[in-house]
$ cat final_20.pdb   # PDB, C-alpha atoms, pLDDT in the B column
ATOM      1  CA  MET W  18      22.520 -49.642 -20.755  1.00 46.00           C
ATOM      2  CA  VAL W  19      25.837 -48.185 -19.629  1.00 49.00           C
ATOM      3  CA  ALA W  20      25.946 -47.902 -15.842  1.00 50.00           C
ATOM      4  CA  GLY W  21      25.051 -44.449 -14.613  1.00 51.00           C
ATOM      5  CA  LEU W  22      23.455 -43.217 -17.843  1.00 47.00           C
ATOM      6  CA  ASP W  23      19.984 -43.888 -16.472  1.00 53.00           C
ATOM      7  CA  THR W  24      20.528 -41.043 -13.984  1.00 51.00           C
ATOM      8  CA  VAL W  25      21.717 -38.503 -16.560  1.00 49.00           C
ATOM      9  CA  ALA W  26      19.114 -35.919 -17.487  1.00 49.00           C
ATOM     10  CA  PRO W  27      18.214 -35.879 -21.180  1.00 51.00           C
ATOM     11  CA  ILE W  28      19.663 -33.108 -23.325  1.00 45.00           C
ATOM     12  CA  GLU W  29      17.059 -30.415 -23.748  1.00 49.00           C
ATOM     13  CA  ARG W  30      16.415 -29.118 -27.219  1.00 58.00           C
ATOM     14  CA  GLN W  31      16.071 -25.377 -27.481  1.00 64.00           C
ATOM     15  CA  SER W  32      13.146 -24.012 -29.415  1.00 80.00           C
ATOM     16  CA  VAL W  33      13.837 -21.693 -32.322  1.00 84.00           C
ATOM     17  CA  ALA W  34      12.387 -18.826 -30.270  1.00 83.00           C
ATOM     18  CA  GLU W  35      14.867 -19.528 -27.466  1.00 83.00           C
ATOM     19  CA  GLN W  36      17.740 -19.513 -29.954  1.00 85.00           C
ATOM     20  CA  VAL W  37      16.547 -16.184 -31.364  1.00 86.00           C
ATOM     21  CA  ALA W  38      16.267 -14.698 -27.866  1.00 86.00           C
ATOM     22  CA  LYS W  39      19.802 -15.845 -27.021  1.00 85.00           C
ATOM     23  CA  LYS W  40      21.206 -14.326 -30.218  1.00 86.00           C
ATOM     24  CA  LEU W  41      19.563 -11.005 -29.440  1.00 87.00           C
ATOM     25  CA  MET W  42      20.775 -11.147 -25.834  1.00 84.00           C
ATOM     26  CA  GLU W  43      24.312 -11.754 -27.094  1.00 83.00           C
ATOM     27  CA  LEU W  44      24.061  -8.683 -29.310  1.00 85.00           C
ATOM     28  CA  VAL W  45      23.030  -6.660 -26.267  1.00 83.00           C
ATOM     29  CA  ARG W  46      25.778  -8.155 -24.103  1.00 78.00           C
ATOM     30  CA  THR W  47      28.507  -7.355 -26.610  1.00 81.00           C
ATOM     31  CA  GLY W  48      27.233  -3.838 -27.198  1.00 80.00           C
ATOM     32  CA  SER W  49      26.145  -4.440 -30.791  1.00 84.00           C
ATOM     33  CA  LEU W  50      22.678  -3.474 -29.602  1.00 84.00           C
ATOM     34  CA  LYS W  51      22.694  -0.559 -27.177  1.00 87.00           C
ATOM     35  CA  PRO W  52      20.021   0.965 -24.916  1.00 86.00           C
ATOM     36  CA  GLY W  53      17.521   2.866 -27.041  1.00 88.00           C
ATOM     37  CA  ASP W  54      18.375   1.068 -30.301  1.00 89.00           C
ATOM     38  CA  GLN W  55      15.392   0.071 -32.428  1.00 90.00           C
ATOM     39  CA  LEU W  56      15.317  -3.505 -33.658  1.00 90.00           C
ATOM     40  CA  PRO W  57      14.497  -4.243 -37.319  1.00 89.00           C
ATOM     41  CA  PRO W  58      10.821  -4.929 -38.084  1.00 89.00           C
ATOM     42  CA  GLU W  59       9.609  -8.430 -37.287  1.00 88.00           C
ATOM     43  CA  ARG W  60       9.554  -9.523 -40.934  1.00 89.00           C
ATOM     44  CA  GLU W  61      13.079  -8.241 -41.590  1.00 89.00           C
ATOM     45  CA  LEU W  62      14.407  -9.766 -38.366  1.00 87.00           C
ATOM     46  CA  ALA W  63      12.949 -13.135 -39.365  1.00 88.00           C
ATOM     47  CA  GLN W  64      14.687 -12.904 -42.756  1.00 88.00           C
ATOM     48  CA  ILE W  65      18.018 -11.921 -41.202  1.00 85.00           C
ATOM     49  CA  LEU W  66      17.935 -14.813 -38.736  1.00 85.00           C
ATOM     50  CA  GLN W  67      16.362 -17.234 -41.222  1.00 88.00           C
ATOM     51  CA  VAL W  68      13.532 -18.185 -38.907  1.00 89.00           C
ATOM     52  CA  SER W  69       9.764 -17.837 -38.948  1.00 90.00           C
ATOM     53  CA  ARG W  70       7.984 -14.668 -37.857  1.00 89.00           C
ATOM     54  CA  PRO W  71       6.116 -16.522 -35.062  1.00 89.00           C
ATOM     55  CA  SER W  72       9.491 -17.594 -33.619  1.00 88.00           C
ATOM     56  CA  VAL W  73      10.721 -13.987 -33.697  1.00 89.00           C
ATOM     57  CA  ARG W  74       7.468 -12.804 -32.125  1.00 88.00           C
ATOM     58  CA  GLU W  75       7.764 -15.357 -29.314  1.00 87.00           C
ATOM     59  CA  ALA W  76      11.405 -14.426 -28.666  1.00 86.00           C
ATOM     60  CA  LEU W  77      10.587 -10.726 -28.482  1.00 88.00           C
ATOM     61  CA  ARG W  78       7.700 -11.408 -26.129  1.00 84.00           C
ATOM     62  CA  GLY W  79      10.046 -13.271 -23.797  1.00 82.00           C
ATOM     63  CA  LEU W  80      12.672 -10.512 -23.920  1.00 83.00           C
ATOM     64  CA  GLN W  81       9.975  -7.962 -23.184  1.00 82.00           C
ATOM     65  CA  ILE W  82       8.953  -9.887 -20.072  1.00 71.00           C
ATOM     66  CA  LEU W  83      12.609  -9.924 -19.001  1.00 71.00           C
ATOM     67  CA  GLY W  84      12.841  -6.152 -19.438  1.00 77.00           C
ATOM     68  CA  VAL W  85      15.424  -6.297 -22.220  1.00 83.00           C
ATOM     69  CA  VAL W  86      13.200  -4.841 -24.950  1.00 86.00           C
ATOM     70  CA  LYS W  87       9.990  -2.825 -24.954  1.00 86.00           C
ATOM     71  CA  MET W  88       7.250  -2.149 -27.466  1.00 83.00           C
ATOM     72  CA  ARG W  89       6.523   1.525 -28.057  1.00 80.00           C
ATOM     73  CA  GLN W  90       3.139   2.898 -28.952  1.00 71.00           C
ATOM     74  CA  GLY W  91       2.840   3.262 -32.694  1.00 70.00           C
ATOM     75  CA  GLY W  92       5.084   0.301 -33.407  1.00 75.00           C
ATOM     76  CA  GLY W  93       8.717  -0.555 -33.035  1.00 88.00           C
ATOM     77  CA  VAL W  94      10.728  -2.673 -30.633  1.00 89.00           C
ATOM     78  CA  TYR W  95      13.516  -0.965 -28.703  1.00 89.00           C
ATOM     79  CA  VAL W  96      16.263  -2.079 -26.353  1.00 87.00           C
ATOM     80  CA  THR W  97      15.437  -0.750 -22.895  1.00 84.00           C
ATOM     81  CA  ALA W  98      17.723   1.432 -20.823  1.00 77.00           C
ATOM     82  CA  LEU W  99      18.793  -1.878 -19.219  1.00 72.00           C
ATOM     83  CA  GLU W 100      18.346  -0.365 -15.783  1.00 72.00           C
ATOM     84  CA  ALA W 101      18.129  -2.606 -12.744  1.00 61.00           C
ATOM     85  CA  SER W 102      14.455  -1.707 -12.306  1.00 59.00           C
ATOM     86  CA  ASP W 103      13.722  -3.113 -15.785  1.00 64.00           C
ATOM     87  CA  LEU W 104      15.898  -6.209 -15.673  1.00 61.00           C
ATOM     88  CA  LEU W 105      14.982  -7.223 -12.125  1.00 60.00           C
ATOM     89  CA  ALA W 106      11.228  -6.848 -12.513  1.00 61.00           C
ATOM     90  CA  PRO W 107      10.633 -10.608 -13.052  1.00 59.00           C
ATOM     91  CA  LEU W 108      12.754 -11.522 -10.021  1.00 59.00           C
ATOM     92  CA  GLN W 109      11.042  -8.837  -7.973  1.00 59.00           C
ATOM     93  CA  PHE W 110       7.727 -10.443  -8.870  1.00 56.00           C
ATOM     94  CA  LEU W 111       8.982 -13.791  -7.582  1.00 56.00           C
ATOM     95  CA  LEU W 112      10.128 -12.192  -4.349  1.00 59.00           C
ATOM     96  CA  GLU W 113       6.697 -10.690  -3.873  1.00 59.00           C
ATOM     97  CA  LEU W 114       5.182 -14.136  -4.197  1.00 46.00           C
ATOM     98  CA  ASN W 115       7.749 -15.814  -1.945  1.00 54.00           C
ATOM     99  CA  ALA W 116       8.076 -13.587   1.100  1.00 62.00           C
ATOM    100  CA  PRO W 117      10.558 -15.830   2.993  1.00 70.00           C
ATOM    101  CA  THR W 118      13.227 -14.918   0.436  1.00 74.00           C
ATOM    102  CA  VAL W 119      13.304 -11.471   2.012  1.00 78.00           C
ATOM    103  CA  ASP W 120      15.534 -13.088   4.664  1.00 84.00           C
ATOM    104  CA  ALA W 121      18.153 -14.023   2.068  1.00 84.00           C
ATOM    105  CA  LEU W 122      17.855 -10.669   0.328  1.00 84.00           C
ATOM    106  CA  HIS W 123      18.581  -8.694   3.471  1.00 85.00           C
ATOM    107  CA  GLU W 124      21.388 -11.042   4.448  1.00 88.00           C
ATOM    108  CA  ALA W 125      22.984 -10.215   1.100  1.00 90.00           C
ATOM    109  CA  ARG W 126      22.371  -6.492   1.525  1.00 91.00           C
ATOM    110  CA  ILE W 127      24.049  -6.459   4.937  1.00 93.00           C
ATOM    111  CA  LEU W 128      27.185  -7.996   3.443  1.00 94.00           C
ATOM    112  CA  VAL W 129      27.299  -5.950   0.236  1.00 94.00           C
ATOM    113  CA  GLU W 130      26.170  -2.569   1.526  1.00 95.00           C
ATOM    114  CA  GLY W 131      28.428  -2.799   4.549  1.00 96.00           C
ATOM    115  CA  THR W 132      31.398  -3.309   2.248  1.00 97.00           C
ATOM    116  CA  ILE W 133      30.267  -0.494  -0.053  1.00 97.00           C
ATOM    117  CA  ALA W 134      29.946   1.953   2.850  1.00 98.00           C
ATOM    118  CA  GLY W 135      33.433   1.077   4.070  1.00 97.00           C
ATOM    119  CA  LEU W 136      34.948   1.715   0.661  1.00 97.00           C
ATOM    120  CA  ALA W 137      32.936   4.916   0.264  1.00 98.00           C
ATOM    121  CA  ALA W 138      34.346   6.258   3.548  1.00 98.00           C
ATOM    122  CA  GLU W 139      37.836   5.887   2.122  1.00 97.00           C
ATOM    123  CA  ARG W 140      37.092   7.199  -1.377  1.00 97.00           C
ATOM    124  CA  ILE W 141      34.210   9.665  -1.160  1.00 97.00           C
ATOM    125  CA  ASP W 142      34.844  13.128  -2.595  1.00 97.00           C
ATOM    126  CA  ALA W 143      33.645  16.497  -1.351  1.00 97.00           C
ATOM    127  CA  ALA W 144      30.906  16.787  -3.995  1.00 96.00           C
ATOM    128  CA  SER W 145      29.377  13.473  -2.958  1.00 97.00           C
ATOM    129  CA  ARG W 146      29.419  14.404   0.725  1.00 97.00           C
ATOM    130  CA  THR W 147      27.780  17.727  -0.115  1.00 96.00           C
ATOM    131  CA  ARG W 148      25.113  15.851  -2.063  1.00 95.00           C
ATOM    132  CA  LEU W 149      24.442  13.508   0.869  1.00 97.00           C
ATOM    133  CA  HIS W 150      24.098  16.423   3.295  1.00 97.00           C
ATOM    134  CA  ALA W 151      21.620  18.062   0.930  1.00 95.00           C
ATOM    135  CA  LEU W 152      19.623  14.836   0.720  1.00 94.00           C
ATOM    136  CA  LEU W 153      19.463  14.571   4.516  1.00 96.00           C
ATOM    137  CA  ALA W 154      18.194  18.131   4.701  1.00 95.00           C
ATOM    138  CA  VAL W 155      15.439  17.182   2.278  1.00 94.00           C
ATOM    139  CA  GLN W 156      14.641  13.953   4.123  1.00 94.00           C
ATOM    140  CA  ARG W 157      14.124  15.835   7.363  1.00 94.00           C
ATOM    141  CA  GLY W 158      11.097  17.460   5.750  1.00 93.00           C
ATOM    142  CA  LEU W 159       9.784  14.187   4.297  1.00 93.00           C
ATOM    143  CA  LEU W 160       9.213  12.228   7.491  1.00 93.00           C
ATOM    144  CA  ARG W 161       5.453  12.401   6.883  1.00 91.00           C
ATOM    145  CA  ASP W 162       5.776  11.717   3.171  1.00 91.00           C
ATOM    146  CA  PRO W 163       6.593   8.008   2.578  1.00 89.00           C
ATOM    147  CA  VAL W 164       6.697   8.308  -1.207  1.00 86.00           C
ATOM    148  CA  GLY W 165       8.990  11.335  -1.195  1.00 90.00           C
ATOM    149  CA  PHE W 166      11.217   9.755   1.441  1.00 91.00           C
ATOM    150  CA  ARG W 167      11.583   6.551  -0.584  1.00 89.00           C
ATOM    151  CA  VAL W 168      12.700   8.558  -3.612  1.00 86.00           C
ATOM    152  CA  SER W 169      15.311  10.442  -1.581  1.00 92.00           C
ATOM    153  CA  ASP W 170      16.332   7.191   0.123  1.00 93.00           C
ATOM    154  CA  MET W 171      17.136   5.612  -3.242  1.00 90.00           C
ATOM    155  CA  GLU W 172      19.259   8.618  -4.191  1.00 92.00           C
ATOM    156  CA  PHE W 173      21.043   8.573  -0.821  1.00 95.00           C
ATOM    157  CA  HIS W 174      22.129   4.975  -1.325  1.00 95.00           C
ATOM    158  CA  ARG W 175      22.950   5.533  -5.006  1.00 93.00           C
ATOM    159  CA  VAL W 176      25.410   8.298  -4.127  1.00 96.00           C
ATOM    160  CA  ILE W 177      27.120   5.981  -1.642  1.00 97.00           C
ATOM    161  CA  TYR W 178      27.265   3.147  -4.192  1.00 96.00           C
ATOM    162  CA  THR W 179      28.984   5.471  -6.664  1.00 95.00           C
ATOM    163  CA  ALA W 180      31.311   6.844  -3.995  1.00 97.00           C
ATOM    164  CA  SER W 181      32.619   3.314  -3.372  1.00 96.00           C
ATOM    165  CA  GLY W 182      34.530   3.651  -6.638  1.00 96.00           C
ATOM    166  CA  ASN W 183      33.716   0.057  -7.579  1.00 94.00           C
ATOM    167  CA  PRO W 184      31.343  -0.201 -10.563  1.00 89.00           C
ATOM    168  CA  PHE W 185      30.592  -3.862  -9.875  1.00 89.00           C
ATOM    169  CA  LEU W 186      29.567  -3.259  -6.286  1.00 91.00           C
ATOM    170  CA  GLU W 187      27.658  -0.177  -7.429  1.00 90.00           C
ATOM    171  CA  ARG W 188      25.584  -2.318  -9.791  1.00 85.00           C
ATOM    172  CA  VAL W 189      25.040  -5.087  -7.243  1.00 87.00           C
ATOM    173  CA  GLY W 190      24.045  -2.639  -4.520  1.00 90.00           C
ATOM    174  CA  GLY W 191      21.590  -0.909  -6.829  1.00 87.00           C
ATOM    175  CA  SER W 192      20.112  -4.229  -7.883  1.00 82.00           C
ATOM    176  CA  PHE W 193      19.545  -5.350  -4.299  1.00 84.00           C
ATOM    177  CA  PHE W 194      17.931  -1.994  -3.520  1.00 86.00           C
ATOM    178  CA  VAL W 195      15.463  -2.410  -6.390  1.00 79.00           C
ATOM    179  CA  LEU W 196      14.562  -5.941  -5.290  1.00 77.00           C
ATOM    180  CA  GLY W 197      13.723  -4.712  -1.811  1.00 75.00           C
ATOM    181  CA  MET W 198      11.588  -1.769  -2.883  1.00 75.00           C
ATOM    182  CA  GLU W 199       8.192  -3.473  -2.672  1.00 68.00           C
ATOM    183  CA  TYR W 200       8.842  -4.680   0.867  1.00 70.00           C
ATOM    184  CA  ARG W 201      10.167  -1.259   1.797  1.00 78.00           C
ATOM    185  CA  ARG W 202       7.023   0.367   0.460  1.00 77.00           C
ATOM    186  CA  ILE W 203       5.011  -1.605   2.999  1.00 76.00           C
ATOM    187  CA  ALA W 204       7.328  -0.713   5.862  1.00 81.00           C
ATOM    188  CA  SER W 205       7.543   2.997   5.042  1.00 83.00           C
ATOM    189  CA  GLU W 206       3.831   3.401   5.732  1.00 80.00           C
ATOM    190  CA  THR W 207       4.363   2.356   9.365  1.00 82.00           C
ATOM    191  CA  PRO W 208       4.631   5.207  11.922  1.00 85.00           C
ATOM    192  CA  GLY W 209       8.156   5.731  13.219  1.00 90.00           C
ATOM    193  CA  VAL W 210       9.933   3.810  10.454  1.00 91.00           C
ATOM    194  CA  LEU W 211      11.003   6.860   8.456  1.00 94.00           C
ATOM    195  CA  GLU W 212      12.365   8.537  11.586  1.00 95.00           C
ATOM    196  CA  ARG W 213      14.396   5.410  12.275  1.00 95.00           C
ATOM    197  CA  SER W 214      15.783   5.372   8.730  1.00 95.00           C
ATOM    198  CA  PHE W 215      16.620   9.065   8.915  1.00 97.00           C
ATOM    199  CA  ALA W 216      18.578   8.543  12.145  1.00 97.00           C
ATOM    200  CA  ASP W 217      20.451   5.669  10.464  1.00 97.00           C
ATOM    201  CA  HIS W 218      21.308   7.911   7.518  1.00 98.00           C
ATOM    202  CA  GLU W 219      22.681  10.550   9.869  1.00 98.00           C
ATOM    203  CA  ALA W 220      24.965   7.975  11.497  1.00 98.00           C
ATOM    204  CA  ILE W 221      26.159   6.703   8.110  1.00 98.00           C
ATOM    205  CA  LEU W 222      26.930  10.210   6.868  1.00 98.00           C
ATOM    206  CA  ALA W 223      28.775  11.104  10.078  1.00 98.00           C
ATOM    207  CA  ALA W 224      31.052   8.111   9.525  1.00 98.00           C
ATOM    208  CA  LEU W 225      31.581   9.061   5.872  1.00 98.00           C
ATOM    209  CA  ASP W 226      32.454  12.622   6.881  1.00 98.00           C
ATOM    210  CA  ALA W 227      34.999  11.236   9.337  1.00 98.00           C
ATOM    211  CA  ARG W 228      36.356   8.909   6.627  1.00 97.00           C
ATOM    212  CA  ASP W 229      36.034   6.096   9.145  1.00 98.00           C
ATOM    213  CA  ALA W 230      35.611   2.923   7.085  1.00 97.00           C
ATOM    214  CA  VAL W 231      34.901   0.681  10.064  1.00 97.00           C
ATOM    215  CA  ALA W 232      32.281   3.025  11.518  1.00 98.00           C
ATOM    216  CA  ALA W 233      30.652   3.536   8.105  1.00 98.00           C
ATOM    217  CA  SER W 234      30.452  -0.189   7.502  1.00 97.00           C
ATOM    218  CA  GLU W 235      28.982  -0.822  10.954  1.00 97.00           C
ATOM    219  CA  ALA W 236      26.482   2.032  10.583  1.00 98.00           C
ATOM    220  CA  MET W 237      25.310   0.682   7.236  1.00 97.00           C
ATOM    221  CA  ARG W 238      24.937  -2.843   8.612  1.00 96.00           C
ATOM    222  CA  ARG W 239      22.872  -1.493  11.500  1.00 97.00           C
ATOM    223  CA  HIS W 240      20.740   0.328   8.956  1.00 96.00           C
ATOM    224  CA  MET W 241      20.237  -2.857   6.938  1.00 94.00           C
ATOM    225  CA  THR W 242      19.260  -4.722  10.109  1.00 94.00           C
ATOM    226  CA  SER W 243      16.778  -1.967  10.914  1.00 93.00           C
ATOM    227  CA  VAL W 244      15.342  -2.163   7.403  1.00 90.00           C
ATOM    228  CA  TYR W 245      14.989  -5.926   7.774  1.00 88.00           C
ATOM    229  CA  GLU W 246      13.299  -5.761  11.166  1.00 89.00           C
ATOM    230  CA  THR W 247      10.826  -3.026  10.249  1.00 88.00           C
ATOM    231  CA  THR W 248      10.019  -4.732   6.962  1.00 82.00           C
ATOM    232  CA  LEU W 249       9.222  -8.041   8.639  1.00 82.00           C
ATOM    233  CA  ALA W 250       7.047  -6.266  11.188  1.00 82.00           C
ATOM    234  CA  ALA W 251       5.130  -4.475   8.426  1.00 76.00           C
ATOM    235  CA  MET W 252       4.647  -7.692   6.471  1.00 74.00           C
ATOM    236  CA  GLU W 253       3.168  -9.389   9.520  1.00 75.00           C
ATOM    237  CA  LYS W 254       0.533  -6.668   9.732  1.00 69.00           C
ATOM    238  CA  VAL W 255      -0.697  -7.200   6.180  1.00 62.00           C
ATOM    239  CA  ARG W 256      -0.957 -10.984   6.379  1.00 61.00           C
TER     240      ARG W 256
END

$ encode --input "final_20.pdb" --output "structure tokens"
Amino acid sequence: MVAGLDTVAPIERQSVAEQVAKKLMELVRTGSLKPGDQLPPERELAQILQVSRPSVREALRGLQILGVVKMRQGGGVYVTALEASDLLAPLQFLLELNAPTVDALHEARILVEGTIAGLAAERIDAASRTRLHALLAVQRGLLRDPVGFRVSDMEFHRVIYTASGNPFLERVGGSFFVLGMEYRRIASETPGVLERSFADHEAILAALDARDAVAASEAMRRHMTSVYETTLAAMEKVR
């Protein structure tokens, strides 16, 4: 045997179902299949791809688990809206099962959201600032309503992501937010946590109003640290 080949992993053969799934994913990636598009019936799809119906069925089942397609009542397979909440559901499930990864998630959020807030301070427009002030006014009345506050919290951060003017950071920030939602749900039920988040939001908005990138970035990082600390404390209580 040639030296070193004994340590090389064998080449893995892809199943037909995996090949079908990859072809469909490529169609989505290139825009040939768009959100809301209905896929051909299983039989027709099998004929087009020259594979068996069971292989198509297995591929579609896998893509459904990944949040790329969904089965609608009454028949039909459709491309999802491809929102972060759909595509990150499997990873969110893994995070729920592996709580220590919350450390890495919040480390990433501190870095990304701090940068986003700094850019937003420089680029935010009047309409976005008006929207954020309106959201804070709503949040003030939701300090005893964890569900309502979480909804407004998501919108507050979404507006800031968009205000950064960077679509890539906007998508990454939104994805991280979705991944942290389950942990945040636990924390938001704890007395005093919503008040702490609201105070953080006020500080962030003050920095955005002042167009102070450094202050906005620091305020957002403090907020992320607060989220991390209160989340860990809440998780300890439910163990």

$ resolve_selection --input "final_20.pdb" --expression "the PyMOL selection byres ((chain W and resi 219-232) around 9)" --output "list of chain:residue names"
W:Thr132, W:Ala134, W:Gly135, W:Leu136, W:Ala137, W:Ala138, W:Glu139, W:Arg140, W:Ile141, W:Arg146, W:Leu149, W:His150, W:Leu153, W:Ser214, W:Phe215, W:Ala216, W:Asp217, W:His218, W:Ala233, W:Ser234, W:Glu235, W:Ala236, W:Met237, W:His240

$ resolve_selection --input "final_20.pdb" --expression "the PyMOL selection byres ((chain W and resi 73-80) around 10)" --output "ChimeraX atom specification"
/W:32-42,59-60,62-64,66-72,81-88,94,96,104

$ write_last_selection --input "final_20.pdb" --atoms "C-alpha atoms" --output "mmCIF file, keeping the file's coordinate frame"
data_model
loop_
_atom_site.group_PDB
_atom_site.id
_atom_site.type_symbol
_atom_site.label_atom_id
_atom_site.label_comp_id
_atom_site.auth_asym_id
_atom_site.auth_seq_id
_atom_site.Cartn_x
_atom_site.Cartn_y
_atom_site.Cartn_z
ATOM 1 C CA SER W 32 13.146 -24.012 -29.415
ATOM 2 C CA VAL W 33 13.837 -21.693 -32.322
ATOM 3 C CA ALA W 34 12.387 -18.826 -30.270
ATOM 4 C CA GLU W 35 14.867 -19.528 -27.466
ATOM 5 C CA GLN W 36 17.740 -19.513 -29.954
ATOM 6 C CA VAL W 37 16.547 -16.184 -31.364
ATOM 7 C CA ALA W 38 16.267 -14.698 -27.866
ATOM 8 C CA LYS W 39 19.802 -15.845 -27.021
ATOM 9 C CA LYS W 40 21.206 -14.326 -30.218
ATOM 10 C CA LEU W 41 19.563 -11.005 -29.440
ATOM 11 C CA MET W 42 20.775 -11.147 -25.834
ATOM 12 C CA GLU W 59 9.609 -8.430 -37.287
ATOM 13 C CA ARG W 60 9.554 -9.523 -40.934
ATOM 14 C CA LEU W 62 14.407 -9.766 -38.366
ATOM 15 C CA ALA W 63 12.949 -13.135 -39.365
ATOM 16 C CA GLN W 64 14.687 -12.904 -42.756
ATOM 17 C CA LEU W 66 17.935 -14.813 -38.736
ATOM 18 C CA GLN W 67 16.362 -17.234 -41.222
ATOM 19 C CA VAL W 68 13.532 -18.185 -38.907
ATOM 20 C CA SER W 69 9.764 -17.837 -38.948
ATOM 21 C CA ARG W 70 7.984 -14.668 -37.857
ATOM 22 C CA PRO W 71 6.116 -16.522 -35.062
ATOM 23 C CA SER W 72 9.491 -17.594 -33.619
ATOM 24 C CA GLN W 81 9.975 -7.962 -23.184
ATOM 25 C CA ILE W 82 8.953 -9.887 -20.072
ATOM 26 C CA LEU W 83 12.609 -9.924 -19.001
ATOM 27 C CA GLY W 84 12.841 -6.152 -19.438
ATOM 28 C CA VAL W 85 15.424 -6.297 -22.220
ATOM 29 C CA VAL W 86 13.200 -4.841 -24.950
ATOM 30 C CA LYS W 87 9.990 -2.825 -24.954
ATOM 31 C CA MET W 88 7.250 -2.149 -27.466
ATOM 32 C CA VAL W 94 10.728 -2.673 -30.633
ATOM 33 C CA VAL W 96 16.263 -2.079 -26.353
ATOM 34 C CA LEU W 104 15.898 -6.209 -15.673
#

$ atom_distance --input "final_20.pdb" --atom1 "CA of Thr207 (chain W)" --atom2 "CA of Ser192 (chain W)"
24.3 Å

$ closest_residue --input "final_20.pdb" --among "W:Met241, W:Val168, W:Ala180, W:Leu160" --to "Arg126 (chain W)" --atoms "all atoms listed in the file"
W:Met241

$ resolve_selection --input "final_20.pdb" --expression "the PyMOL selection byres ((chain W and resi 193) around 10)" --output "ChimeraX atom specification"
/W:101,105,109,122-123,125-126,129-130,188-192,194-198

$ atom_distance --input "final_20.pdb" --atom1 "CA of Glu206 (chain W)" --atom2 "CA of Thr242 (chain W)"
18.0 Å

$ closest_residue --input "final_20.pdb" --among "W:Glu43, W:Asp54, W:Glu124, W:Glu187" --to "Tyr245 (chain W)" --atoms "all atoms listed in the file"
W:Glu124

$ atom_distance --input "final_20.pdb" --atom1 "CA of Phe173 (chain W)" --atom2 "CA of Ala154 (chain W)"
11.4 Å

$ axis_aligned_box --input "final_20.pdb" --around "region 196-213 of chain W" --padding-each-side "4 Å" --output "lines of an AutoDock Vina configuration file"
center_x = 9.2
center_y = 1.3
center_z = 4.0
size_x = 18.7
size_y = 22.5
size_z = 26.5
